[in-house]
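Participant: File name input13.pdb; file contents PDB, C-alpha atoms; full text below.
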ATOM      1  CA  MET A 236     112.189  93.753 129.887
ATOM      2  CA  THR A 237     114.295  91.472 127.667
ATOM      3  CA  SER A 238     111.873  88.609 126.992
ATOM      4  CA  HIS A 239     111.506  89.848 123.420
ATOM      5  CA  ILE A 240     115.203  89.261 122.597
ATOM      6  CA  GLY A 241     115.384  86.547 119.949
ATOM      7  CA  THR A 242     111.746  86.860 118.936
ATOM      8  CA  ARG A 243     110.655  88.606 115.748
ATOM      9  CA  CYS A 244     109.057  91.975 115.101
ATOM     10  CA  MET A 245     105.587  91.492 113.598
ATOM     11  CA  VAL A 246     106.167  94.278 111.068
ATOM     12  CA  CYS A 247     109.614  93.531 109.610
ATOM     13  CA  SER A 248     110.031  89.920 110.829
ATOM     14  CA  GLU A 249     113.608  90.641 111.991
ATOM     15  CA  LYS A 250     114.787  89.257 115.334
ATOM     16  CA  PHE A 251     115.174  91.646 118.259
ATOM     17  CA  THR A 252     118.680  92.180 119.631
ATOM     18  CA  PHE A 253     119.999  94.006 122.698
ATOM     19  CA  GLU A 254     120.988  96.956 120.485
ATOM     20  CA  ASP A 255     117.496  97.516 119.047
ATOM     21  CA  ASP A 256     115.334 100.484 120.026
ATOM     22  CA  VAL A 257     112.131  98.674 121.028
ATOM     23  CA  VAL A 258     108.684  99.994 121.933
ATOM     24  CA  ILE A 259     105.958  97.946 123.603
ATOM     25  CA  CYS A 260     102.229  98.141 122.894
ATOM     26  CA  PRO A 261     100.665  99.311 126.190
ATOM     27  CA  GLU A 262      97.514  97.296 125.531
ATOM     28  CA  CYS A 263      98.787  93.818 124.610
ATOM     29  CA  GLY A 264     102.539  94.020 125.270
ATOM     30  CA  THR A 265     103.638  93.231 121.705
ATOM     31  CA  PRO A 266     107.184  94.534 121.017
ATOM     32  CA  TYR A 267     108.206  96.421 117.858
ATOM     33  CA  HIS A 268     111.246  98.165 116.505
ATOM     34  CA  ARG A 269     110.498 101.830 117.056
ATOM     35  CA  ALA A 270     110.828 102.586 113.329
ATOM     36  CA  CYS A 271     108.493  99.691 112.479
ATOM     37  CA  TYR A 272     105.903 100.875 114.974
ATOM     38  CA  GLU A 273     106.031 104.415 113.601
ATOM     39  CA  LYS A 274     105.571 103.107 110.044
ATOM     40  CA  SER A 275     102.563 100.961 110.927
ATOM     41  CA  GLY A 276     101.071 103.744 113.025
ATOM     42  CA  SER A 277      99.597 101.333 115.573
ATOM     43  CA  CYS A 278      99.874  97.831 116.956
ATOM     44  CA  VAL A 279      99.148  95.260 114.238
ATOM     45  CA  ASN A 280      98.568  92.378 116.670
ATOM     46  CA  THR A 281      94.792  92.826 116.434
ATOM     47  CA  ALA A 282      94.230  89.192 117.425
ATOM     48  CA  LEU A 283      95.334  89.904 120.987
ATOM     49  CA  HIS A 284      93.383  93.141 121.093
ATOM     50  CA  LYS A 285      90.193  91.300 120.160
ATOM     51  CA  SER A 286      90.745  88.476 122.622
ATOM     52  CA  GLY A 287      92.122  90.671 125.412
ATOM     53  CA  GLY A 288      95.230  88.501 125.561
ATOM     54  CA  THR A 289      98.829  89.385 126.329
ATOM     55  CA  TRP A 290     101.855  88.904 124.081
ATOM     56  CA  LYS A 291     104.078  85.961 124.971
ATOM     57  CA  PRO A 292     107.549  85.345 123.534
ATOM     58  CA  SER A 293     107.692  82.753 120.767
ATOM     59  CA  TYR A 294     111.013  81.730 119.226
ATOM     60  CA  ASP A 295     112.063  80.099 115.987
ATOM     61  CA  VAL A 296     112.545  76.674 117.538
ATOM     62  CA  GLY A 297     110.816  73.372 117.054
ATOM     63  CA  SER A 298     109.463  71.005 119.682
ATOM     64  CA  ASP A 299     112.966  69.515 120.119
ATOM     65  CA  GLY A 300     114.510  72.896 120.890
ATOM     66  CA  ALA A 301     116.396  73.077 117.595
ATOM     67  CA  GLU A 302     116.182  76.230 115.523
ATOM     68  CA  ASN A 303     113.866  75.928 112.541
ATOM     69  CA  SER A 304     115.413  76.307 109.118
ATOM     70  CA  GLU A 305     114.422  78.726 106.401
ATOM     71  CA  THR A 306     111.458  77.713 104.279
ATOM     72  CA  VAL A 307     111.716  77.439 100.508
ATOM     73  CA  CYS A 308     108.593  78.115  98.452
ATOM     74  CA  ALA A 309     107.676  75.061  96.397
ATOM     75  CA  PHE A 310     106.070  77.306  93.786
ATOM     76  CA  CYS A 311     108.797  79.843  92.907
ATOM     77  CA  GLY A 312     111.806  78.604  94.882
ATOM     78  CA  TYR A 313     112.243  81.780  96.964
ATOM     79  CA  THR A 314     113.935  81.302 100.367
ATOM     80  CA  ASN A 315     111.793  82.734 103.175
ATOM     81  CA  PRO A 316     112.564  83.297 106.889
ATOM     82  CA  PRO A 317     111.702  80.468 109.278
ATOM     83  CA  LEU A 318     108.018  79.804 109.938
ATOM     84  CA  THR A 319     106.818  82.053 107.121
ATOM     85  CA  LEU A 320     103.127  81.557 106.435
ATOM     86  CA  PHE A 321     103.231  82.438 102.749
ATOM     87  CA  CYS A 322     105.942  83.215 100.226
ATOM     88  CA  ARG A 323     107.177  86.805 100.220
ATOM     89  CA  ARG A 324     107.910  86.721  96.497
ATOM     90  CA  CYS A 325     104.815  85.139  94.917
ATOM     91  CA  GLY A 326     102.341  85.130  97.804
ATOM     92  CA  MET A 327     101.670  81.402  97.566
ATOM     93  CA  PRO A 328     101.318  79.385 100.797
ATOM     94  CA  ALA A 329     104.749  78.331 102.022
ATOM     95  CA  PRO A 330     105.678  75.075 103.778
ATOM     96  CA  GLY A 331     107.087  75.096 107.289
ATOM     97  CA  ILE A 332     104.053  76.335 109.237
ATOM     98  CA  HIS A 333     104.689  75.280 112.802
ATOM     99  CA  SER A 334     102.054  73.571 114.925
ATOM    100  CA  ASP A 335     102.515  71.620 118.129
ATOM    101  CA  ALA A 336     101.617  67.958 118.392
ATOM    102  CA  ASN A 337      97.983  68.681 119.214
ATOM    103  CA  GLY A 338      97.590  71.341 116.554
ATOM    104  CA  MET A 339      96.789  73.901 119.231
ATOM    105  CA  GLU A 340      99.644  76.324 118.656
ATOM    106  CA  GLN A 341     100.555  78.094 115.477
ATOM    107  CA  ARG A 342     103.198  80.704 114.750
ATOM    108  CA  TYR A 343     103.677  83.251 112.035
ATOM    109  CA  ASP A 344     107.286  84.432 111.677
ATOM    110  CA  GLY A 345     107.959  83.300 115.232
ATOM    111  CA  VAL A 346     104.903  85.067 116.681
ATOM    112  CA  ASN A 347     102.291  82.950 118.401
ATOM    113  CA  ILE A 348      98.878  83.598 116.843
ATOM    114  CA  ASN A 349      96.970  80.753 118.463
ATOM    115  CA  ASP A 350      95.023  83.299 120.526
ATOM    116  CA  ASP A 351      93.219  84.446 117.373
ATOM    117  CA  PRO A 352      90.043  82.348 116.972
ATOM    118  CA  ASP A 353      89.666  83.593 113.404
ATOM    119  CA  ALA A 354      93.163  82.513 112.343
ATOM    120  CA  TYR A 355      92.051  78.919 111.960
ATOM    121  CA  ASN A 356      88.896  76.856 112.173
ATOM    122  CA  ARG A 357      87.920  73.386 113.226
ATOM    123  CA  ASN A 358      85.673  70.858 111.571
ATOM    124  CA  ALA A 359      82.648  70.616 113.868
ATOM    125  CA  ASN A 360      82.113  66.922 113.119
ATOM    126  CA  SER A 361      85.632  65.514 113.196
ATOM    127  CA  GLY A 362      87.626  68.107 115.147
ATOM    128  CA  MET A 363      90.137  68.196 112.284
ATOM    129  CA  PHE A 364      92.630  71.045 112.495
ATOM    130  CA  ILE A 365      92.808  73.249 109.423
ATOM    131  CA  ASP A 366      95.717  75.656 108.923
ATOM    132  CA  PRO A 367      94.897  79.308 108.132
ATOM    133  CA  PHE A 368      94.074  80.201 104.562
ATOM    134  CA  PHE A 369      97.101  81.564 102.690
ATOM    135  CA  VAL A 370      97.339  85.008 104.334
ATOM    136  CA  ASN A 371      97.756  86.514 107.789
ATOM    137  CA  PHE A 372      94.272  87.917 108.360
ATOM    138  CA  SER A 373      95.380  89.892 111.412
ATOM    139  CA  ASP A 374      97.431  92.163 109.124
ATOM    140  CA  PRO A 375      95.836  94.263 106.314
ATOM    141  CA  LEU A 376      99.069  93.839 104.334
ATOM    142  CA  CYS A 377      99.004  90.051 104.787
ATOM    143  CA  GLY A 378     102.323  90.019 106.634
ATOM    144  CA  LEU A 379     104.316  91.562 103.785
ATOM    145  CA  SER A 380     106.722  94.443 104.328
ATOM    146  CA  PRO A 381     104.948  97.826 104.126
ATOM    147  CA  ASP A 382     108.066  99.306 102.471
ATOM    148  CA  GLU A 383     108.219  96.766  99.637
ATOM    149  CA  ASP A 384     108.483  98.587  96.314
ATOM    150  CA  PHE A 385     105.884  98.145  93.596
ATOM    151  CA  ASP A 386     107.222 100.165  90.662
ATOM    152  CA  GLY A 387     107.808 103.273  92.752
ATOM    153  CA  VAL A 388     104.862 102.702  95.098
ATOM    154  CA  LYS A 389     105.183 101.241  98.590
ATOM    155  CA  LEU A 390     103.019  98.303  99.554
ATOM    156  CA  ALA A 391     101.621 100.320 102.463
ATOM    157  CA  GLU A 392     100.431 102.948  99.980
ATOM    158  CA  LEU A 393      98.823 100.252  97.838
ATOM    159  CA  GLY A 394      97.056  98.890 100.898
ATOM    160  CA  ASP A 395      95.764 102.354 101.820
ATOM    161  CA  HIS A 396      94.547 102.894  98.261
ATOM    162  CA  VAL A 397      92.738  99.543  98.076
ATOM    163  CA  GLY A 398      91.141 100.211 101.448
ATOM    164  CA  THR A 399      88.774  97.246 101.668
ATOM    165  CA  ASN A 400      89.430  93.569 100.935
ATOM    166  CA  THR A 401      93.225  93.909 101.004
ATOM    167  CA  HIS A 402      93.511  90.217 101.883
ATOM    168  CA  TYR A 403      92.235  89.456  98.385
ATOM    169  CA  TYR A 404      94.088  92.131  96.420
ATOM    170  CA  ILE A 405      97.519  92.326  98.095
ATOM    171  CA  PRO A 406      98.525  88.687  97.375
ATOM    172  CA  LEU A 407      97.304  89.163  93.791
ATOM    173  CA  PHE A 408      99.322  92.360  93.393
ATOM    174  CA  LYS A 409     102.352  90.511  94.750
ATOM    175  CA  GLN A 410     101.968  87.850  92.060
ATOM    176  CA  PHE A 411     101.489  90.488  89.345
ATOM    177  CA  LYS A 412     104.747  92.110  90.416
ATOM    178  CA  GLU A 413     106.919  89.045  90.978
ATOM    179  CA  LEU A 414     105.586  86.644  88.346
ATOM    180  CA  GLY A 415     104.509  89.146  85.679
ATOM    181  CA  ARG A 416     100.993  87.726  85.622
ATOM    182  CA  LYS A 417      98.439  89.678  83.613
ATOM    183  CA  PHE A 418      95.224  87.837  84.398
ATOM    184  CA  SER A 419      93.227  86.335  87.257
ATOM    185  CA  LEU A 420      89.548  85.503  87.516
ATOM    186  CA  ASN A 421      87.262  88.167  88.982
ATOM    187  CA  PHE A 422      83.581  87.145  88.903
ATOM    188  CA  PRO A 423      82.094  90.593  89.753
ATOM    189  CA  ALA A 424      84.148  92.163  86.951
ATOM    190  CA  MET A 425      83.002  89.401  84.591
ATOM    191  CA  LEU A 426      79.266  89.578  85.343
ATOM    192  CA  PHE A 427      78.850  93.277  86.172
ATOM    193  CA  PRO A 428      81.969  95.106  84.958
ATOM    194  CA  GLU A 429      80.357  98.547  84.917
ATOM    195  CA  PHE A 430      79.330  98.174  88.566
ATOM    196  CA  TYR A 431      82.661  96.691  89.636
ATOM    197  CA  PHE A 432      84.728  99.487  88.093
ATOM    198  CA  ALA A 433      82.368 102.158  89.401
ATOM    199  CA  TYR A 434      82.606 100.739  92.922
ATOM    200  CA  ARG A 435      86.411 100.710  92.685
ATOM    201  CA  LYS A 436      86.460 104.363  91.529
ATOM    202  CA  MET A 437      87.368 103.675  87.893
ATOM    203  CA  PRO A 438      84.581 105.647  86.145
ATOM    204  CA  LEU A 439      86.177 105.668  82.670
ATOM    205  CA  MET A 440      86.403 101.875  82.654
ATOM    206  CA  ALA A 441      82.842 101.719  83.963
ATOM    207  CA  VAL A 442      81.656 103.922  81.086
ATOM    208  CA  LEU A 443      83.530 101.765  78.557
ATOM    209  CA  ALA A 444      81.977  98.591  79.977
ATOM    210  CA  LEU A 445      78.512 100.163  79.876
ATOM    211  CA  ILE A 446      78.951 101.312  76.259
ATOM    212  CA  LEU A 447      80.034  97.813  75.182
ATOM    213  CA  LYS A 448      77.041  96.349  77.011
ATOM    214  CA  VAL A 449      74.640  98.703  75.219
ATOM    215  CA  ILE A 450      76.200  98.023  71.812
ATOM    216  CA  ALA A 451      75.994  94.266  72.363
ATOM    217  CA  ALA A 452      72.354  94.382  73.495
ATOM    218  CA  LEU A 453      71.029  96.878  70.907
ATOM    219  CA  PRO A 454      70.305  94.346  68.093
ATOM    220  CA  GLN A 455      68.305  92.178  70.493
ATOM    221  CA  PHE A 456      66.224  95.140  71.644
ATOM    222  CA  ILE A 457      65.520  96.083  68.018
ATOM    223  CA  TYR A 458      64.336  92.534  67.406
ATOM    224  CA  LEU A 459      62.112  92.734  70.498
ATOM    225  CA  PHE A 460      60.562  96.099  69.571
ATOM    226  CA  SER A 461      59.925  95.115  65.936
ATOM    227  CA  GLY A 462      57.606  92.276  66.917
ATOM    228  CA  THR A 463      55.075  94.468  68.716
ATOM    229  CA  SER A 464      53.508  97.905  68.607
ATOM    230  CA  ASP A 465      53.385  98.206  72.388
ATOM    231  CA  PHE A 466      56.513 100.340  72.575
ATOM    232  CA  GLY A 467      55.247 103.221  70.470
ATOM    233  CA  ILE A 468      58.034 105.223  68.848
ATOM    234  CA  LEU A 469      60.546 102.501  69.691
ATOM    235  CA  SER A 470      58.474  99.952  67.759
ATOM    236  CA  VAL A 471      58.219 102.373  64.826
ATOM    237  CA  PHE A 472      61.999 102.788  64.807
ATOM    238  CA  ALA A 473      62.613  99.030  65.019
ATOM    239  CA  SER A 474      60.179  98.301  62.177
ATOM    240  CA  GLN A 475      62.601  99.989  59.752
ATOM    241  CA  PHE A 476      64.974  97.015  60.107
ATOM    242  CA  ASP A 477      64.527  93.696  58.367
ATOM    243  CA  VAL A 478      65.050  91.546  61.431
ATOM    244  CA  ARG A 479      64.534  88.341  59.415
ATOM    245  CA  SER A 480      67.386  89.045  57.027
ATOM    246  CA  ALA A 481      70.699  87.209  57.144
ATOM    247  CA  ALA A 482      72.489  90.525  57.625
ATOM    248  CA  PHE A 483      70.527  91.362  60.758
ATOM    249  CA  ARG A 484      71.064  87.874  62.169
ATOM    250  CA  GLY A 485      74.770  88.462  61.608
ATOM    251  CA  VAL A 486      74.529  91.704  63.568
ATOM    252  CA  VAL A 487      72.799  89.869  66.423
ATOM    253  CA  MET A 488      75.557  87.256  66.444
ATOM    254  CA  LEU A 489      78.176  90.029  66.433
ATOM    255  CA  GLY A 490      76.501  91.658  69.431
ATOM    256  CA  THR A 491      76.513  88.335  71.262
ATOM    257  CA  ALA A 492      80.202  87.863  70.458
ATOM    258  CA  ILE A 493      80.980  91.366  71.765
ATOM    259  CA  SER A 494      79.086  90.573  74.964
ATOM    260  CA  TYR A 495      80.999  87.343  75.628
ATOM    261  CA  ALA A 496      84.330  88.898  74.647
ATOM    262  CA  ALA A 497      83.746  91.779  77.080
ATOM    263  CA  MET A 498      82.787  89.364  79.866
ATOM    264  CA  PHE A 499      85.941  87.308  79.314
ATOM    265  CA  THR A 500      88.233  90.345  79.055
ATOM    266  CA  PHE A 501      86.923  92.166  82.104
ATOM    267  CA  GLY A 502      86.664  88.951  84.116
ATOM    268  CA  MET A 503      90.228  87.839  83.403
ATOM    269  CA  PHE A 504      91.950  91.233  83.354
ATOM    270  CA  GLY A 505      89.799  93.225  85.809
ATOM    271  CA  ASN A 506      92.205  92.700  88.709
ATOM    272  CA  ARG A 507      95.197  93.637  86.581
ATOM    273  CA  LEU A 508      93.416  96.775  85.359
ATOM    274  CA  TYR A 509      92.721  97.690  88.976
ATOM    275  CA  TYR A 510      96.368  97.055  89.921
ATOM    276  CA  ASP A 511      97.666  99.278  87.105
ATOM    277  CA  HIS A 512      95.066 101.939  87.940
ATOM    278  CA  SER A 513      96.104 101.931  91.621
ATOM    279  CA  LEU A 514      99.803 102.340  90.811
ATOM    280  CA  LYS A 515      99.125 105.135  88.327
ATOM    281  CA  HIS A 516      96.729 106.933  90.673
ATOM    282  CA  ILE A 517      99.108 106.783  93.661
ATOM    283  CA  LYS A 518     102.011 108.071  91.555
ATOM    284  CA  LYS A 519      99.919 111.052  90.437
ATOM    285  CA  LEU A 520      98.998 111.830  94.031
ATOM    286  CA  LYS A 521     102.645 111.616  95.087
ATOM    287  CA  GLU A 522     103.640 114.012  92.294
ATOM    288  CA  LEU A 523     101.032 116.505  93.491
ATOM    289  CA  PHE A 524     102.496 116.402  97.000
ATOM    290  CA  GLY A 525     106.140 116.508  96.001
ATOM    291  CA  GLY A 526     106.846 112.794  96.106
ATOM    292  CA  MET A 527     105.130 111.844  99.383
ATOM    293  CA  ALA A 528     101.332 111.880  99.456
ATOM    294  CA  PRO A 529      99.760 111.922 102.956
ATOM    295  CA  ARG A 530      98.204 108.634 103.969
ATOM    296  CA  ASP A 531      94.745 110.139 104.497
ATOM    297  CA  VAL A 532      94.797 111.555 100.955
ATOM    298  CA  ILE A 533      95.643 108.178  99.415
ATOM    299  CA  THR A 534      92.946 106.528 101.531
ATOM    300  CA  LYS A 535      90.329 109.123 100.584
ATOM    301  CA  LYS A 536      91.127 109.120  96.860
ATOM    302  CA  GLY A 537      91.276 105.311  96.755
ATOM    303  CA  GLY A 538      88.998 102.767  98.351
ATOM    304  CA  THR A 539      85.456 102.248  97.119
ATOM    305  CA  SER A 540      82.514 104.479  96.231
ATOM    306  CA  ALA A 541      78.944 103.446  96.970
ATOM    307  CA  LEU A 542      77.810 106.722  95.372
ATOM    308  CA  LEU A 543      79.399 105.896  92.004
ATOM    309  CA  LEU A 544      77.943 102.399  92.199
ATOM    310  CA  VAL A 545      74.419 103.730  92.794
ATOM    311  CA  LEU A 546      74.908 106.287  90.016
ATOM    312  CA  PHE A 547      75.781 103.622  87.441
ATOM    313  CA  ILE A 548      72.929 101.408  88.623
ATOM    314  CA  CYS A 549      70.553 104.334  88.006
ATOM    315  CA  ILE A 550      72.124 105.051  84.606
ATOM    316  CA  GLU A 551      71.663 101.434  83.541
ATOM    317  CA  ALA A 552      68.115 101.279  84.920
ATOM    318  CA  LEU A 553      67.049 104.549  83.252
ATOM    319  CA  PRO A 554      66.588 103.159  79.686
ATOM    320  CA  TYR A 555      64.508 100.258  81.023
ATOM    321  CA  ALA A 556      62.331 102.649  83.010
ATOM    322  CA  ALA A 557      61.896 104.880  79.938
ATOM    323  CA  MET A 558      61.077 101.853  77.780
ATOM    324  CA  TYR A 559      58.288 100.663  80.058
ATOM    325  CA  LEU A 560      56.920 104.178  80.480
ATOM    326  CA  ILE A 561      56.689 104.485  76.697
ATOM    327  CA  ARG A 562      54.935 101.111  76.585
ATOM    328  CA  PHE A 563      52.518 102.181  79.323
ATOM    329  CA  PHE A 564      51.634 105.437  77.591
ATOM    330  CA  SER A 565      51.276 103.671  74.238
ATOM    331  CA  MET A 566      48.917 101.010  75.588
ATOM    332  CA  THR A 567      46.780 103.534  77.508
ATOM    333  CA  GLY A 568      46.516 105.913  74.567
ATOM    334  CA  MET A 569      48.328 108.718  76.377
ATOM    335  CA  ASN A 570      50.990 109.203  73.710
TER     336      ASN A 570
END
Represent the supplied structure as structure tokens.
Facilitator:
Amino acid sequence: MTSHIGTRCMVCSEKFTFEDDVVICPECGTPYHRACYEKSGSCVNTALHKSGGTWKPSYDVGSDGAENSETVCAFCGYTNPPLTLFCRRCGMPAPGIHSDANGMEQRYDGVNINDDPDAYNRNANSGMFIDPFFVNFSDPLCGLSPDEDFDGVKLAELGDHVGTNTHYYIPLFKQFKELGRKFSLNFPAMLFPEFYFAYRKMPLMAVLALILKVIAALPQFIYLFSGTSDFGILSVFASQFDVRSAAFRGVVMLGTAISYAAMFTFGMFGNRLYYDHSLKHIKKLKELFGGMAPRDVITKKGGTSALLLVLFICIEALPYAAMYLIRFFSMTGMN
């Protein structure tokens, strides 16, 4: 079969030639360079697998039969292959996405993805065609090369370490690498940093966030306990402080400032901290295995942890439970 000649491999985006060693997915018929297929470990054309469709050749030509030109990213100026969906340097959406006149066909790097109902959506009221959002959702690595180097770590290894939500993190990591960005907004890390870092298997950062949260809230709890005797020994302890003094009000304001500073820092730098943590963690694993850590090890050591998340939720809830138990015993005379 030679229908793949002139089309592009979905893994490396290079055109097939007569000299290439090509393998074909037995399920959907998608062609790959043998080396690319072995690197990916399986067929990445999940859109066809879901729909039960069959691969059809799609070439880098426009509706007039002329070959499409390379696309230049308007954001960073990088020259991308024809029909690239998003820039390979900065991850921003690239111009040159091809659609036919009716908006019914769309290609990514010369590969027809119009069979994927999740690759685009339509406005139910107007029937307006909307191009896919920034990344190739049929590929966990967002269409980027799995062998791309990130300071000694391959992108495929980063993807395995992230595990879930790679479509959010991989484009961010690409921008951190290419543009030197240090910050990006992460709402979970801003509102609940201790839970975010625990879930992403960063327990030391989770402990630091929890300590800062306790320090920031302590003056307010002292103020609360000092105004009542319902909390027993806690009220006795709080009564030793002059909560009406200017000094104590300054401490309360300092605690509030610490709280807002921590929210801003973790919210703006949480993704970067996770990126640096992932690189460092993968490098350590590779050193342990002589420079090449098995994929299942990286996947197991990375990813997310519901257990750590539940643990930190319990740790944070414990003082509140103890506080209300003390109040209950104090009010019922059981102290």
Participant: Extract, using all atoms listed in the file, all DNA, RNA and protein residues at most 12 Å from A:Ile446, discarding same-chain residues fewer than 2 positions from it, and format them as a list in words.
Facilitator: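 My list of contacting residues is Pro428, Glu429, Leu439, Met440, Ala441, Val442, Leu443, Ala444, Lys448, Val449, Ile450, Ala451, Ala452, Leu453, Ile493, Ser494, Ala497, Phe547, Ile550 and Glu551 of chain A.
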Participant: Need the neighbours of (74.4, 102.5, 90.8): which residues are at most 12 Å away, counting only C-alpha atoms, as number ranges by chain?
Facilitator: A: 427, 429-434, 438, 441, 445, 540-553
Participant: How many Å separate atom CA of A:Phe408 from atom CA of A:His268?
Facilitator: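 Result for atom CA of A:Phe408 versus atom CA of A:His268: 26.6 Å, one decimal.
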Participant: Calculate how many Å separate atom CA of A:Gly378 from atom CA of A:Leu283, rounding to one decimal.
Facilitator: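 Atom CA of A:Gly378 sits 16.0 Å away from atom CA of A:Leu283.
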Participant: For A:Thr500, which residue out of A:Ala473, A:Ala556, A:Leu514, A:Ala424 is the nearest one, using only C-alpha atoms?
Facilitator: A:Ala424
Participant: For atom CA of A:Cys271 and atom CA of A:Pro375, determine how far apart the two atoms are, in Å to one decimal place.
Facilitator: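 Atom CA of A:Pro375 lies 15.1 Å from atom CA of A:Cys271.
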Participant: So what does the PyMOL selection byres ((chain A and resi 458) around 10) actually pick up in this one, as a PyMOL selection string?
Facilitator: chain A and resi 453-457+459-463+470+473-474+476-479+483-484+487
Participant: Which is closest to A:Pro381 among A:Thr567, A:Asn506, A:Ser275, A:Thr252, if we use all atoms listed in the file?
Facilitator: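 Of A:Thr567, A:Asn506, A:Ser275, A:Thr252, the one nearest A:Pro381, counting all atoms listed in the file, is A:Ser275.
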Participant: Ranking A:Ala482, A:Val532, A:Leu407, A:Leu420 by minimum distance to A:Tyr510 and counting all atoms listed in the file, which one comes first?
Facilitator: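 That would be A:Leu407, the residue with the smallest distance to A:Tyr510.
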Participant: Could you list, as a list in words, every residue within 9 Å of A:Ser277, counting only C-alpha atoms and ignoring same-chain residues fewer than 4 positions away?
Facilitator: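 After dropping sequence-adjacent residues, the list is Cys260, Tyr272 and Glu273 of chain A.
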Participant: Could you write out as a VMD selection string the residues that the PyMOL selection byres ((chain A and resi 244) around 12) matches in the shown file?
Facilitator: chain A and resid 239 to 243 245 to 252 255 to 259 265 to 272 275 278 to 280 290 292 to 294 343 to 347 378 380
Participant: Give as a list in words the set of residues within 7 Å of the point (57.5, 99.5, 76.2), where distances use the file's coordinates and only C-alpha atoms.
Facilitator: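 Using only C-alpha atoms, the matching residues come out as Asp465, Phe466, Met558, Tyr559, Leu560, Ile561, Arg562 and Phe563 of chain A.
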Participant: Would you kindly translate the PyMOL selection byres ((chain A and resi 503) around 12) into the concrete residues it picks from this file, as a list in words?
Facilitator: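 What the PyMOL selection byres ((chain A and resi 503) around 12) grabs from the file is Arg416, Lys417, Phe418, Ser419, Leu420, Asn421, Phe422, Pro423, Ala424, Met425, Leu426, Pro428, Ala496, Ala497, Met498, Phe499, Thr500, Phe501, Gly502, Phe504, Gly505, Asn506, Arg507, Leu508 and Tyr509 of chain A.
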Participant: Using 5 Å of padding on each side, determine the axis-aligned box around all atoms of stretch 471-481 of chain A present in the file and give its centre and edge lengths in Å to one decimal, as AutoDock Vina command-line options.
Facilitator:
--center_x 64.5 --center_y 95.0 --center_z 61.0 --size_x 22.5 --size_y 25.6 --size_z 18.0
Participant: Of the residues A:Thr539, A:Gly485, A:Thr281, A:Leu376, which is the one nearest to A:Ala391, using only C-alpha atoms?
Facilitator: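 Counting only C-alpha atoms, the residue closest to A:Ala391 is A:Leu376.
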Participant: With distances taken over all atoms listed in the file, which of A:Ile517, A:Val397, A:Ile468, A:Cys377 is nearest to A:Phe564?
Facilitator: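 Smallest separation from A:Phe564 among the options: A:Ile468.
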Participant: Within 12 Å of A:Asp395, counting only C-alpha atoms, which residues show up once you throw out same-chain ones fewer than 3 positions away? Write them as a VMD selection string, please.
Facilitator: chain A and resid 275 375 to 376 381 388 to 392 398 to 401 404 to 405 513 to 514 517 528 to 539
